[in-house]
>>> print(open('query.txt').read())   # compact mmCIF, C-alpha atoms
# COMPACT_ATOMS: atom_id res chain seq x y z
CA MET A 15 3.75 17.09 4.75
CA ASP A 16 2.55 13.53 4.73
CA LYS A 17 -0.02 13.88 7.73
CA VAL A 18 -1.67 16.81 9.49
CA LEU A 19 -0.94 17.18 13.20
CA GLU A 20 -3.63 18.73 15.35
CA ARG A 21 -3.22 20.00 18.87
CA ARG A 22 -5.50 18.49 21.48
CA GLY A 23 -6.48 19.82 24.89
CA GLN A 24 -4.17 22.28 26.63
CA GLY A 25 -1.20 21.56 24.40
CA LYS A 26 -0.75 18.17 26.05
CA GLY A 27 -1.09 16.00 23.01
CA TRP A 28 -1.55 15.74 19.28
CA HIS A 29 -3.71 13.49 17.22
CA ASP A 30 -3.32 12.69 13.57
CA ALA A 31 -6.48 12.27 11.52
CA VAL A 32 -5.90 10.02 8.55
CA CYS A 33 -7.53 7.93 5.86
CA PHE A 34 -10.88 6.40 6.60
CA SER A 35 -10.09 2.68 6.43
CA PRO A 36 -7.23 0.18 6.21
CA GLN A 37 -8.43 -0.63 2.70
CA ALA A 38 -7.95 3.01 1.69
CA ASP A 39 -4.48 3.02 3.22
CA LEU A 40 -3.59 -0.16 1.37
CA VAL A 41 -4.78 1.09 -2.02
CA GLY A 42 -3.25 4.52 -1.44
CA GLY A 43 0.06 3.05 -0.30
CA ILE A 44 0.34 0.83 -3.37
CA LEU A 45 -0.58 3.70 -5.69
CA ILE A 46 1.81 6.20 -4.13
CA THR A 47 4.66 3.67 -4.04
CA GLY A 48 4.06 2.98 -7.72
CA ILE A 49 4.27 6.70 -8.43
CA GLY A 50 7.58 6.77 -6.55
CA ILE A 51 8.95 3.89 -8.61
CA ASP A 52 7.97 5.79 -11.77
CA ALA A 53 9.75 8.89 -10.44
CA HIS A 54 12.92 6.83 -9.90
CA ARG A 55 12.72 5.57 -13.48
CA HIS A 56 13.07 9.15 -14.69
CA ILE A 57 16.06 10.23 -12.64
CA ARG A 58 18.18 9.87 -15.79
CA GLY A 59 21.50 10.33 -14.07
CA ARG A 60 20.35 13.33 -12.01
CA SER A 61 21.75 12.18 -8.69
CA ASP A 62 20.75 15.51 -7.15
CA HIS A 63 17.11 14.45 -7.65
CA LEU A 64 17.46 11.12 -5.86
CA LEU A 65 15.99 12.23 -2.53
CA LEU A 66 13.08 14.01 -4.21
CA ALA A 67 12.27 10.93 -6.28
CA THR A 68 12.43 8.83 -3.12
CA LEU A 69 9.82 10.94 -1.31
CA PRO A 70 6.76 9.28 -2.94
CA VAL A 71 8.20 5.86 -2.07
CA LEU A 72 8.59 7.00 1.55
CA LEU A 73 5.02 8.32 1.59
CA GLY A 74 3.74 5.10 0.07
CA VAL A 75 5.53 2.95 2.64
CA HIS A 76 4.12 5.26 5.32
CA GLN A 77 0.60 4.47 4.14
CA LEU A 78 1.29 0.74 4.09
CA VAL A 79 2.76 0.82 7.60
CA GLU A 80 -0.45 2.36 8.83
CA ASP A 81 -2.37 -0.68 7.64
CA PHE A 82 -0.64 -2.65 10.40
CA VAL A 83 -1.62 0.02 12.92
CA TRP A 84 -5.24 -0.40 11.82
CA TRP A 85 -5.02 -4.19 11.97
CA GLY A 86 -3.32 -4.09 15.37
CA LEU A 87 -6.09 -1.93 16.82
CA GLN A 88 -8.70 -4.19 15.25
CA GLY A 89 -7.04 -7.34 16.64
CA HIS A 90 -6.21 -8.79 13.23
CA VAL A 91 -2.45 -8.91 13.94
CA PRO A 92 -0.59 -9.43 17.23
CA HIS A 93 -0.44 -6.43 19.53
CA GLU A 94 3.37 -6.33 19.25
CA VAL A 95 3.15 -6.01 15.46
CA GLY A 96 0.70 -3.15 15.75
CA ARG A 97 2.91 -1.43 18.32
CA ILE A 98 5.98 -1.68 16.08
CA ALA A 99 3.93 -0.28 13.19
CA LEU A 100 2.74 2.58 15.40
CA TRP A 101 6.30 3.57 16.24
CA ALA A 102 7.47 3.17 12.64
CA TYR A 103 4.61 5.37 11.46
CA LEU A 104 5.36 8.11 13.98
CA VAL A 105 9.12 8.01 13.37
CA ILE A 106 8.55 8.63 9.66
CA ALA A 107 5.97 11.36 10.25
CA PHE A 108 7.61 13.15 13.17
CA VAL A 109 11.34 12.48 12.83
CA VAL A 110 12.18 11.67 9.21
CA LEU A 111 10.01 14.00 7.12
CA PRO A 112 10.92 17.35 8.77
CA ILE A 113 14.57 16.74 7.84
CA PHE A 114 14.17 14.63 4.70
CA ILE A 115 12.09 17.11 2.70
CA PRO A 116 14.31 20.19 3.19
CA LEU A 117 17.38 18.05 2.42
CA ALA A 118 15.71 16.75 -0.75
CA VAL A 119 15.00 20.30 -1.92
CA MET A 120 18.51 21.47 -1.07
CA ALA A 121 20.06 18.60 -3.03
CA LEU A 122 18.29 19.50 -6.26
CA GLU A 123 18.97 23.24 -6.17
CA PRO A 124 21.67 24.09 -8.74
CA THR A 125 23.31 27.18 -7.24
CA ARG A 126 25.10 27.78 -3.95
CA GLU A 127 22.86 30.73 -3.17
CA ARG A 128 19.74 28.60 -3.53
CA LYS A 129 21.27 25.82 -1.46
CA ARG A 130 22.11 28.28 1.32
CA ARG A 131 18.47 29.35 1.43
CA MET A 132 17.55 25.82 2.46
CA VAL A 133 19.89 25.74 5.49
CA PRO A 134 17.44 27.47 7.91
CA PHE A 135 14.69 25.02 6.97
CA ILE A 136 17.01 22.05 7.47
CA ALA A 137 18.09 23.40 10.86
CA LEU A 138 14.48 24.04 11.90
CA GLY A 139 13.46 20.58 10.72
CA ALA A 140 16.26 19.02 12.75
CA VAL A 141 15.13 20.85 15.89
CA VAL A 142 11.51 19.78 15.36
CA SER A 143 12.53 16.18 14.70
CA LEU A 144 14.66 16.04 17.84
CA TYR A 145 11.94 17.62 19.97
CA LEU A 146 9.32 15.17 18.75
CA LEU A 147 11.66 12.19 19.11
CA VAL A 148 12.36 13.12 22.73
CA ALA A 149 8.63 13.50 23.36
CA MET A 150 8.00 10.07 21.88
CA ILE A 151 10.74 8.44 23.95
CA ARG A 152 9.43 10.03 27.13
CA GLY A 153 5.94 8.81 26.24
CA PRO A 154 3.22 7.94 26.44
CA VAL A 155 2.63 7.08 22.79
CA SER A 156 -0.72 5.63 21.78
CA ALA A 157 -3.28 5.31 19.01
CA THR A 158 -7.06 5.23 19.15
CA LEU A 159 -9.33 3.72 16.54
CA HIS A 160 -12.09 6.12 15.48
CA PRO A 161 -14.89 5.39 12.99
CA TRP A 162 -13.17 7.28 10.17
CA HIS A 163 -9.56 7.69 11.25
CA ILE A 164 -6.83 6.75 13.69
CA ALA A 165 -5.83 9.30 16.31
CA TYR A 166 -2.15 9.20 17.31
CA HIS A 167 -1.29 10.67 20.71
CA ILE A 168 2.01 11.86 22.17
CA ALA A 169 2.44 14.06 25.23
CA LEU A 170 3.62 17.43 23.99
CA SER A 171 3.99 20.92 25.40
CA TYR A 172 3.76 24.00 23.16
CA GLY A 173 1.93 21.99 20.53
CA GLY A 174 0.94 24.99 18.43
CA VAL A 175 4.51 26.25 18.21
CA VAL A 176 5.84 22.84 17.23
CA VAL A 177 3.13 22.37 14.58
CA GLY A 178 3.98 25.78 13.12
CA ALA A 179 7.70 25.00 13.04
CA TYR A 180 6.96 21.61 11.43
CA VAL A 181 4.94 23.25 8.65
CA VAL A 182 7.52 26.00 8.07
CA ALA A 183 10.39 23.50 7.83
CA ILE A 184 8.61 21.35 5.24
CA CYS A 185 6.49 23.78 3.24
CA GLY A 186 8.98 26.63 3.45
CA ALA A 187 11.71 24.60 1.81
CA LEU A 188 9.35 23.55 -0.98
CA LEU A 189 8.12 27.10 -1.59
CA PHE A 190 11.68 28.44 -1.89
CA SER A 191 12.66 25.91 -4.54
CA GLY A 192 13.57 27.14 -8.00
CA TYR A 193 11.51 24.42 -9.68
CA ARG A 194 7.89 25.15 -10.55
CA HIS A 195 6.60 21.63 -9.86
CA VAL A 196 8.22 21.63 -6.42
CA VAL A 197 6.73 25.04 -5.59
CA ILE A 198 3.28 23.79 -6.66
CA PHE A 199 3.83 20.76 -4.41
CA GLY A 200 4.65 23.12 -1.53
CA LEU A 201 1.65 25.40 -2.17
CA GLY A 202 -0.67 22.42 -2.28
CA ASN A 203 0.72 21.11 0.99
CA LEU A 204 0.42 24.50 2.66
CA ILE A 205 -3.20 24.98 1.60
CA VAL A 206 -4.26 21.46 2.55
CA VAL A 207 -2.43 21.60 5.88
CA ALA A 208 -4.25 24.83 6.73
CA VAL A 209 -7.64 23.41 5.75
CA LEU A 210 -7.19 20.06 7.45
CA ALA A 211 -5.76 21.59 10.62
CA ARG A 212 -9.06 23.41 11.02
CA LEU A 213 -11.46 20.73 9.83
CA THR A 214 -10.00 17.39 10.94
CA ILE A 215 -12.45 17.18 13.85
CA ASP A 216 -15.24 16.90 11.30
CA GLY A 217 -13.48 14.09 9.47
CA PHE A 218 -12.36 16.23 6.52
CA ALA A 219 -8.89 14.73 6.75
CA SER A 220 -10.21 11.45 5.34
CA LEU A 221 -9.43 13.09 1.99
CA TRP A 222 -5.72 13.04 2.83
CA CYS A 223 -5.03 9.75 1.04
CA GLY A 224 -6.19 11.12 -2.29
CA TYR A 225 -4.26 14.32 -1.73
CA ALA A 226 -1.05 12.43 -0.93
CA ALA A 227 -1.35 10.58 -4.24
CA ILE A 228 -1.89 13.84 -6.14
CA SER A 229 1.05 15.46 -4.36
CA SER A 230 3.29 12.57 -5.30
CA GLY A 231 2.07 12.96 -8.86
CA PHE A 232 3.61 16.44 -8.95
CA ILE A 233 6.97 14.94 -8.03
CA ALA A 234 6.64 12.29 -10.72
CA ALA A 235 5.72 15.03 -13.21
CA HIS A 236 8.78 17.01 -12.18
CA MET A 237 11.01 13.98 -12.70
CA ARG A 238 9.52 13.43 -16.16
CA TYR A 239 9.38 16.95 -17.52
CA ALA A 240 11.61 19.36 -15.57
CA LYS A 241 14.41 20.85 -17.62
CA PRO A 242 17.89 21.46 -16.19
CA HIS A 243 18.43 24.90 -14.72
CA ARG A 244 20.91 27.33 -16.10
CA ASP A 245 23.24 28.56 -13.39
CA MET A 246 22.59 32.20 -14.33
CA PRO A 247 20.05 33.55 -14.61
CA TYR A 248 18.06 31.31 -12.29
CA ALA A 249 14.67 30.62 -13.80
CA LEU A 250 11.80 28.42 -12.77
CA THR A 251 11.32 25.38 -14.99
>>> encode(input="query.txt", output="structure tokens")
Amino acid sequence: MDKVLERRGQGKGWHDAVCFSPQADLVGGILITGIGIDAHRHIRGRSDHLLLATLPVLLGVHQLVEDFVWWGLQGHVPHEVGRIALWAYLVIAFVVLPIFIPLAVMALEPTRERKRRMVPFIALGAVVSLYLLVAMIRGPVSATLHPWHIAYHIALSYGGVVVGAYVVAICGALLFSGYRHVVIFGLGNLIVVAVLARLTIDGFASLWCGYAAISSGFIAAHMRYAKPHRDMPYALT
């Protein structure tokens, strides 16, 4: 999962604690996008890996979009530009990723049985995405500049349930993959999500930028070194 969502108040809103400066976002975005470009260079005709290889590019663009949110809040770009960046950032985080990641895992699985195992995660991701999109459209949507992060706010009921469903849709699909690198990617996400969800108030989530780069590195490693699966038996590679 690209960012950690934390419930605020009585389930009325979420805030998203992120990297500690626009400079960190800029460097991280460039680095992660570069990793994504490298992953694409190693597709080698494996069209089923296209979505997975695109994920680091999406995460990198996500980081770069956030730079404009920073600059908008700091008054360095017009308010309208910052507002567009805010919505673009939240659409990627809340609407795109819960569907994109399970679909990416489903596409690369080589057997029908393994593909069928991804269907519940895709369905759950679609429900989460729709719920969050409706909440965003209803508003209000805002961002607050903190000393070490930006807090993103949307009005949301049952925040804990939605956060749980979000994590299950994304991490569950990764953990059920038949590829070792993808499972490692999922385990890392699950552990970091759990830690950051508890410690973001203390600013621990400022480490997220570095973690996103490392996570993307696992995808690049998979694109470089993963061997094709045999249909039967199904073995991790």
>>> residues_around(input="query.txt", residues="A:Leu117", least_positions_apart="4", cutoff="12 Å", atoms="all atoms listed in the file", output="CSV table (one decimal) with C-alpha atoms, in the coordinates of the input")
chain,number,residue,atom,x,y,z
A,62,ASP,CA,20.8,15.5,-7.2
A,63,HIS,CA,17.1,14.4,-7.6
A,64,LEU,CA,17.5,11.1,-5.9
A,65,LEU,CA,16.0,12.2,-2.5
A,66,LEU,CA,13.1,14.0,-4.2
A,68,THR,CA,12.4,8.8,-3.1
A,69,LEU,CA,9.8,10.9,-1.3
A,110,VAL,CA,12.2,11.7,9.2
A,111,LEU,CA,10.0,14.0,7.1
A,112,PRO,CA,10.9,17.4,8.8
A,113,ILE,CA,14.6,16.7,7.8
A,121,ALA,CA,20.1,18.6,-3.0
A,122,LEU,CA,18.3,19.5,-6.3
A,123,GLU,CA,19.0,23.2,-6.2
A,129,LYS,CA,21.3,25.8,-1.5
A,130,ARG,CA,22.1,28.3,1.3
A,131,ARG,CA,18.5,29.4,1.4
A,132,MET,CA,17.6,25.8,2.5
A,133,VAL,CA,19.9,25.7,5.5
A,134,PRO,CA,17.4,27.5,7.9
A,135,PHE,CA,14.7,25.0,7.0
A,136,ILE,CA,17.0,22.0,7.5
A,137,ALA,CA,18.1,23.4,10.9
A,138,LEU,CA,14.5,24.0,11.9
A,139,GLY,CA,13.5,20.6,10.7
A,140,ALA,CA,16.3,19.0,12.8
A,183,ALA,CA,10.4,23.5,7.8
A,184,ILE,CA,8.6,21.4,5.2
A,187,ALA,CA,11.7,24.6,1.8
A,188,LEU,CA,9.4,23.6,-1.0
A,191,SER,CA,12.7,25.9,-4.5
>>> atom_distance(input="query.txt", atom1="atom CA of A:Pro36", atom2="atom CA of A:Trp84")
6.0 Å
>>> closest_residue(input="query.txt", among="A:Ile98, A:Gln88, A:Gly48, A:Met150", to="A:Gly74", atoms="all atoms listed in the file")
A:Gly48
>>> atom_distance(input="query.txt", atom1="atom CA of A:Ala234", atom2="atom CA of A:Ile49")
6.5 Å
>>> residues_around(input="query.txt", residues="A:Gly231", least_positions_apart="5", cutoff="9 Å", atoms="only C-alpha atoms", output="list in words")
Ile46, Ile49, Gly50, Ala53, Pro70, Ala226 and His236 of chain A
>>> atom_distance(input="query.txt", atom1="atom CA of A:Leu201", atom2="atom CA of A:Leu45")
22.1 Å
>>> closest_residue(input="query.txt", among="A:His56, A:Arg126, A:His90, A:His76", to="A:Tyr103", atoms="all atoms listed in the file")
A:His76
>>> closest_residue(input="query.txt", among="A:Leu147, A:Val197, A:Val181, A:Val75", to="A:Val41", atoms="only C-alpha atoms")
A:Val75
>>> residues_around(input="query.txt", residues="A:Val155", least_positions_apart="3", cutoff="12 Å", atoms="only C-alpha atoms", output="list in words")
Gly27, Trp28, His29, Arg97, Ile98, Leu100, Trp101, Ala102, Tyr103, Leu104, Val105, Leu146, Leu147, Val148, Ala149, Met150, Ile151, Arg152, Thr158, Ala165, Tyr166, His167, Ile168, Ala169 and Leu170 of chain A
>>> write_last_selection(input="query.txt", atoms="C-alpha atoms", output="compact mmCIF listing (two decimals), in the frame of the given file")
# COMPACT_ATOMS: atom_id res chain seq x y z
CA GLY A 27 -1.09 16.00 23.01
CA TRP A 28 -1.55 15.74 19.28
CA HIS A 29 -3.71 13.49 17.22
CA ARG A 97 2.91 -1.43 18.32
CA ILE A 98 5.98 -1.68 16.08
CA LEU A 100 2.74 2.58 15.40
CA TRP A 101 6.30 3.57 16.24
CA ALA A 102 7.47 3.17 12.64
CA TYR A 103 4.61 5.37 11.46
CA LEU A 104 5.36 8.11 13.98
CA VAL A 105 9.12 8.01 13.37
CA LEU A 146 9.32 15.17 18.75
CA LEU A 147 11.66 12.19 19.11
CA VAL A 148 12.36 13.12 22.73
CA ALA A 149 8.63 13.50 23.36
CA MET A 150 8.00 10.07 21.88
CA ILE A 151 10.74 8.44 23.95
CA ARG A 152 9.43 10.03 27.13
CA THR A 158 -7.06 5.23 19.15
CA ALA A 165 -5.83 9.30 16.31
CA TYR A 166 -2.15 9.20 17.31
CA HIS A 167 -1.29 10.67 20.71
CA ILE A 168 2.01 11.86 22.17
CA ALA A 169 2.44 14.06 25.23
CA LEU A 170 3.62 17.43 23.99
>>> closest_residue(input="query.txt", among="A:Ala38, A:Leu87, A:Val142, A:Val196", to="A:Val176", atoms="all atoms listed in the file")
A:Val142
>>> axis_aligned_box(input="query.txt", around="stretch 205-209 of chain A", padding_each_side="3 Å", output="JSON")
{"center_x": -5.0, "center_y": 23.2, "center_z": 4.2, "size_x": 11.2, "size_y": 9.5, "size_z": 11.1}
>>> decode(input="query.txt", residues="stretch 53-93 of chain A", atoms="N, CA and C atoms", output="PDB file, in the first residue's frame")
ATOM      1  N   ALA A  53      12.052  -1.737 -14.158  1.00  0.00           N
ATOM      2  CA  ALA A  53      11.186  -2.919 -14.158  1.00  0.00           C
ATOM      3  C   ALA A  53      10.566  -3.142 -15.533  1.00  0.00           C
ATOM      4  N   HIS A  54      10.151  -2.063 -16.198  1.00  0.00           N
ATOM      5  CA  HIS A  54       9.574  -2.188 -17.540  1.00  0.00           C
ATOM      6  C   HIS A  54      10.597  -2.711 -18.532  1.00  0.00           C
ATOM      7  N   ARG A  55      11.855  -2.369 -18.358  1.00  0.00           N
ATOM      8  CA  ARG A  55      12.895  -2.814 -19.273  1.00  0.00           C
ATOM      9  C   ARG A  55      13.094  -4.320 -19.212  1.00  0.00           C
ATOM     10  N   HIS A  56      12.622  -4.946 -18.145  1.00  0.00           N
ATOM     11  CA  HIS A  56      12.825  -6.379 -17.968  1.00  0.00           C
ATOM     12  C   HIS A  56      11.533  -7.181 -18.103  1.00  0.00           C
ATOM     13  N   ILE A  57      10.539  -6.603 -18.736  1.00  0.00           N
ATOM     14  CA  ILE A  57       9.313  -7.360 -18.978  1.00  0.00           C
ATOM     15  C   ILE A  57       9.591  -8.537 -19.907  1.00  0.00           C
ATOM     16  N   ARG A  58      10.416  -8.303 -20.912  1.00  0.00           N
ATOM     17  CA  ARG A  58      10.849  -9.357 -21.844  1.00  0.00           C
ATOM     18  C   ARG A  58       9.677 -10.154 -22.411  1.00  0.00           C
ATOM     19  N   GLY A  59       8.690  -9.454 -22.910  1.00  0.00           N
ATOM     20  CA  GLY A  59       7.574 -10.122 -23.561  1.00  0.00           C
ATOM     21  C   GLY A  59       6.550 -10.712 -22.616  1.00  0.00           C
ATOM     22  N   ARG A  60       6.736 -10.560 -21.309  1.00  0.00           N
ATOM     23  CA  ARG A  60       5.782 -11.113 -20.341  1.00  0.00           C
ATOM     24  C   ARG A  60       4.654 -10.096 -20.135  1.00  0.00           C
ATOM     25  N   SER A  61       3.703 -10.104 -21.023  1.00  0.00           N
ATOM     26  CA  SER A  61       2.618  -9.119 -20.949  1.00  0.00           C
ATOM     27  C   SER A  61       1.812  -9.268 -19.667  1.00  0.00           C
ATOM     28  N   ASP A  62       1.824 -10.471 -19.079  1.00  0.00           N
ATOM     29  CA  ASP A  62       1.088 -10.676 -17.836  1.00  0.00           C
ATOM     30  C   ASP A  62       1.733  -9.927 -16.665  1.00  0.00           C
ATOM     31  N   HIS A  63       2.976  -9.474 -16.845  1.00  0.00           N
ATOM     32  CA  HIS A  63       3.673  -8.731 -15.793  1.00  0.00           C
ATOM     33  C   HIS A  63       3.596  -7.217 -15.990  1.00  0.00           C
ATOM     34  N   LEU A  64       2.863  -6.766 -16.984  1.00  0.00           N
ATOM     35  CA  LEU A  64       2.846  -5.348 -17.312  1.00  0.00           C
ATOM     36  C   LEU A  64       2.324  -4.497 -16.159  1.00  0.00           C
ATOM     37  N   LEU A  65       1.210  -4.890 -15.555  1.00  0.00           N
ATOM     38  CA  LEU A  65       0.640  -4.103 -14.461  1.00  0.00           C
ATOM     39  C   LEU A  65       1.580  -4.068 -13.259  1.00  0.00           C
ATOM     40  N   LEU A  66       2.193  -5.220 -12.944  1.00  0.00           N
ATOM     41  CA  LEU A  66       3.112  -5.259 -11.813  1.00  0.00           C
ATOM     42  C   LEU A  66       4.295  -4.332 -12.054  1.00  0.00           C
ATOM     43  N   ALA A  67       4.836  -4.353 -13.258  1.00  0.00           N
ATOM     44  CA  ALA A  67       5.975  -3.491 -13.575  1.00  0.00           C
ATOM     45  C   ALA A  67       5.581  -2.021 -13.567  1.00  0.00           C
ATOM     46  N   THR A  68       4.309  -1.745 -13.802  1.00  0.00           N
ATOM     47  CA  THR A  68       3.830  -0.356 -13.810  1.00  0.00           C
ATOM     48  C   THR A  68       3.641   0.200 -12.404  1.00  0.00           C
ATOM     49  N   LEU A  69       3.486  -0.671 -11.414  1.00  0.00           N
ATOM     50  CA  LEU A  69       3.222  -0.215 -10.050  1.00  0.00           C
ATOM     51  C   LEU A  69       4.282   0.746  -9.512  1.00  0.00           C
ATOM     52  N   PRO A  70       5.597   0.469  -9.652  1.00  0.00           N
ATOM     53  CA  PRO A  70       6.575   1.451  -9.162  1.00  0.00           C
ATOM     54  C   PRO A  70       6.455   2.803  -9.865  1.00  0.00           C
ATOM     55  N   VAL A  71       6.121   2.799 -11.155  1.00  0.00           N
ATOM     56  CA  VAL A  71       5.930   4.064 -11.863  1.00  0.00           C
ATOM     57  C   VAL A  71       4.761   4.825 -11.240  1.00  0.00           C
ATOM     58  N   LEU A  72       3.678   4.117 -10.956  1.00  0.00           N
ATOM     59  CA  LEU A  72       2.509   4.745 -10.335  1.00  0.00           C
ATOM     60  C   LEU A  72       2.866   5.309  -8.964  1.00  0.00           C
ATOM     61  N   LEU A  73       3.630   4.542  -8.175  1.00  0.00           N
ATOM     62  CA  LEU A  73       4.039   5.019  -6.854  1.00  0.00           C
ATOM     63  C   LEU A  73       4.962   6.231  -6.960  1.00  0.00           C
ATOM     64  N   GLY A  74       5.841   6.204  -7.957  1.00  0.00           N
ATOM     65  CA  GLY A  74       6.736   7.337  -8.155  1.00  0.00           C
ATOM     66  C   GLY A  74       5.995   8.596  -8.539  1.00  0.00           C
ATOM     67  N   VAL A  75       5.045   8.466  -9.461  1.00  0.00           N
ATOM     68  CA  VAL A  75       4.224   9.616  -9.856  1.00  0.00           C
ATOM     69  C   VAL A  75       3.431  10.128  -8.658  1.00  0.00           C
ATOM     70  N   HIS A  76       2.964   9.209  -7.830  1.00  0.00           N
ATOM     71  CA  HIS A  76       2.228   9.578  -6.618  1.00  0.00           C
ATOM     72  C   HIS A  76       3.072  10.488  -5.730  1.00  0.00           C
ATOM     73  N   GLN A  77       4.344  10.109  -5.553  1.00  0.00           N
ATOM     74  CA  GLN A  77       5.238  10.934  -4.753  1.00  0.00           C
ATOM     75  C   GLN A  77       5.425  12.318  -5.370  1.00  0.00           C
ATOM     76  N   LEU A  78       5.585  12.360  -6.686  1.00  0.00           N
ATOM     77  CA  LEU A  78       5.823  13.637  -7.354  1.00  0.00           C
ATOM     78  C   LEU A  78       4.589  14.534  -7.294  1.00  0.00           C
ATOM     79  N   VAL A  79       3.404  13.925  -7.393  1.00  0.00           N
ATOM     80  CA  VAL A  79       2.170  14.711  -7.272  1.00  0.00           C
ATOM     81  C   VAL A  79       2.109  15.390  -5.909  1.00  0.00           C
ATOM     82  N   GLU A  80       2.572  14.676  -4.894  1.00  0.00           N
ATOM     83  CA  GLU A  80       2.497  15.243  -3.551  1.00  0.00           C
ATOM     84  C   GLU A  80       3.374  16.480  -3.395  1.00  0.00           C
ATOM     85  N   ASP A  81       4.415  16.591  -4.200  1.00  0.00           N
ATOM     86  CA  ASP A  81       5.214  17.812  -4.160  1.00  0.00           C
ATOM     87  C   ASP A  81       4.349  19.040  -4.407  1.00  0.00           C
ATOM     88  N   PHE A  82       3.402  18.931  -5.340  1.00  0.00           N
ATOM     89  CA  PHE A  82       2.541  20.065  -5.654  1.00  0.00           C
ATOM     90  C   PHE A  82       1.548  20.333  -4.536  1.00  0.00           C
ATOM     91  N   VAL A  83       1.188  19.278  -3.774  1.00  0.00           N
ATOM     92  CA  VAL A  83       0.356  19.496  -2.594  1.00  0.00           C
ATOM     93  C   VAL A  83       1.149  20.299  -1.566  1.00  0.00           C
ATOM     94  N   TRP A  84       2.383  19.883  -1.323  1.00  0.00           N
ATOM     95  CA  TRP A  84       3.264  20.644  -0.415  1.00  0.00           C
ATOM     96  C   TRP A  84       3.346  22.108  -0.861  1.00  0.00           C
ATOM     97  N   TRP A  85       3.714  22.301  -2.127  1.00  0.00           N
ATOM     98  CA  TRP A  85       3.951  23.653  -2.622  1.00  0.00           C
ATOM     99  C   TRP A  85       2.674  24.499  -2.587  1.00  0.00           C
ATOM    100  N   GLY A  86       1.526  23.849  -2.835  1.00  0.00           N
ATOM    101  CA  GLY A  86       0.267  24.573  -2.747  1.00  0.00           C
ATOM    102  C   GLY A  86      -0.012  25.053  -1.335  1.00  0.00           C
ATOM    103  N   LEU A  87       0.238  24.194  -0.346  1.00  0.00           N
ATOM    104  CA  LEU A  87       0.017  24.565   1.046  1.00  0.00           C
ATOM    105  C   LEU A  87       1.024  25.619   1.513  1.00  0.00           C
ATOM    106  N   GLN A  88       2.198  25.596   0.913  1.00  0.00           N
ATOM    107  CA  GLN A  88       3.226  26.577   1.278  1.00  0.00           C
ATOM    108  C   GLN A  88       3.098  27.882   0.491  1.00  0.00           C
ATOM    109  N   GLY A  89       2.175  27.935  -0.478  1.00  0.00           N
ATOM    110  CA  GLY A  89       1.986  29.139  -1.263  1.00  0.00           C
ATOM    111  C   GLY A  89       2.967  29.321  -2.397  1.00  0.00           C
ATOM    112  N   HIS A  90       3.695  28.259  -2.763  1.00  0.00           N
ATOM    113  CA  HIS A  90       4.677  28.360  -3.834  1.00  0.00           C
ATOM    114  C   HIS A  90       4.066  28.146  -5.225  1.00  0.00           C
ATOM    115  N   VAL A  91       2.881  27.564  -5.281  1.00  0.00           N
ATOM    116  CA  VAL A  91       2.146  27.413  -6.540  1.00  0.00           C
ATOM    117  C   VAL A  91       0.728  27.907  -6.294  1.00  0.00           C
ATOM    118  N   PRO A  92      -0.015  28.254  -7.349  1.00  0.00           N
ATOM    119  CA  PRO A  92      -1.393  28.718  -7.154  1.00  0.00           C
ATOM    120  C   PRO A  92      -2.238  27.712  -6.395  1.00  0.00           C
ATOM    121  N   HIS A  93      -3.191  28.231  -5.642  1.00  0.00           N
ATOM    122  CA  HIS A  93      -4.076  27.368  -4.855  1.00  0.00           C
ATOM    123  C   HIS A  93      -4.758  26.319  -5.714  1.00  0.00           C
TER     124      HIS A  93
END
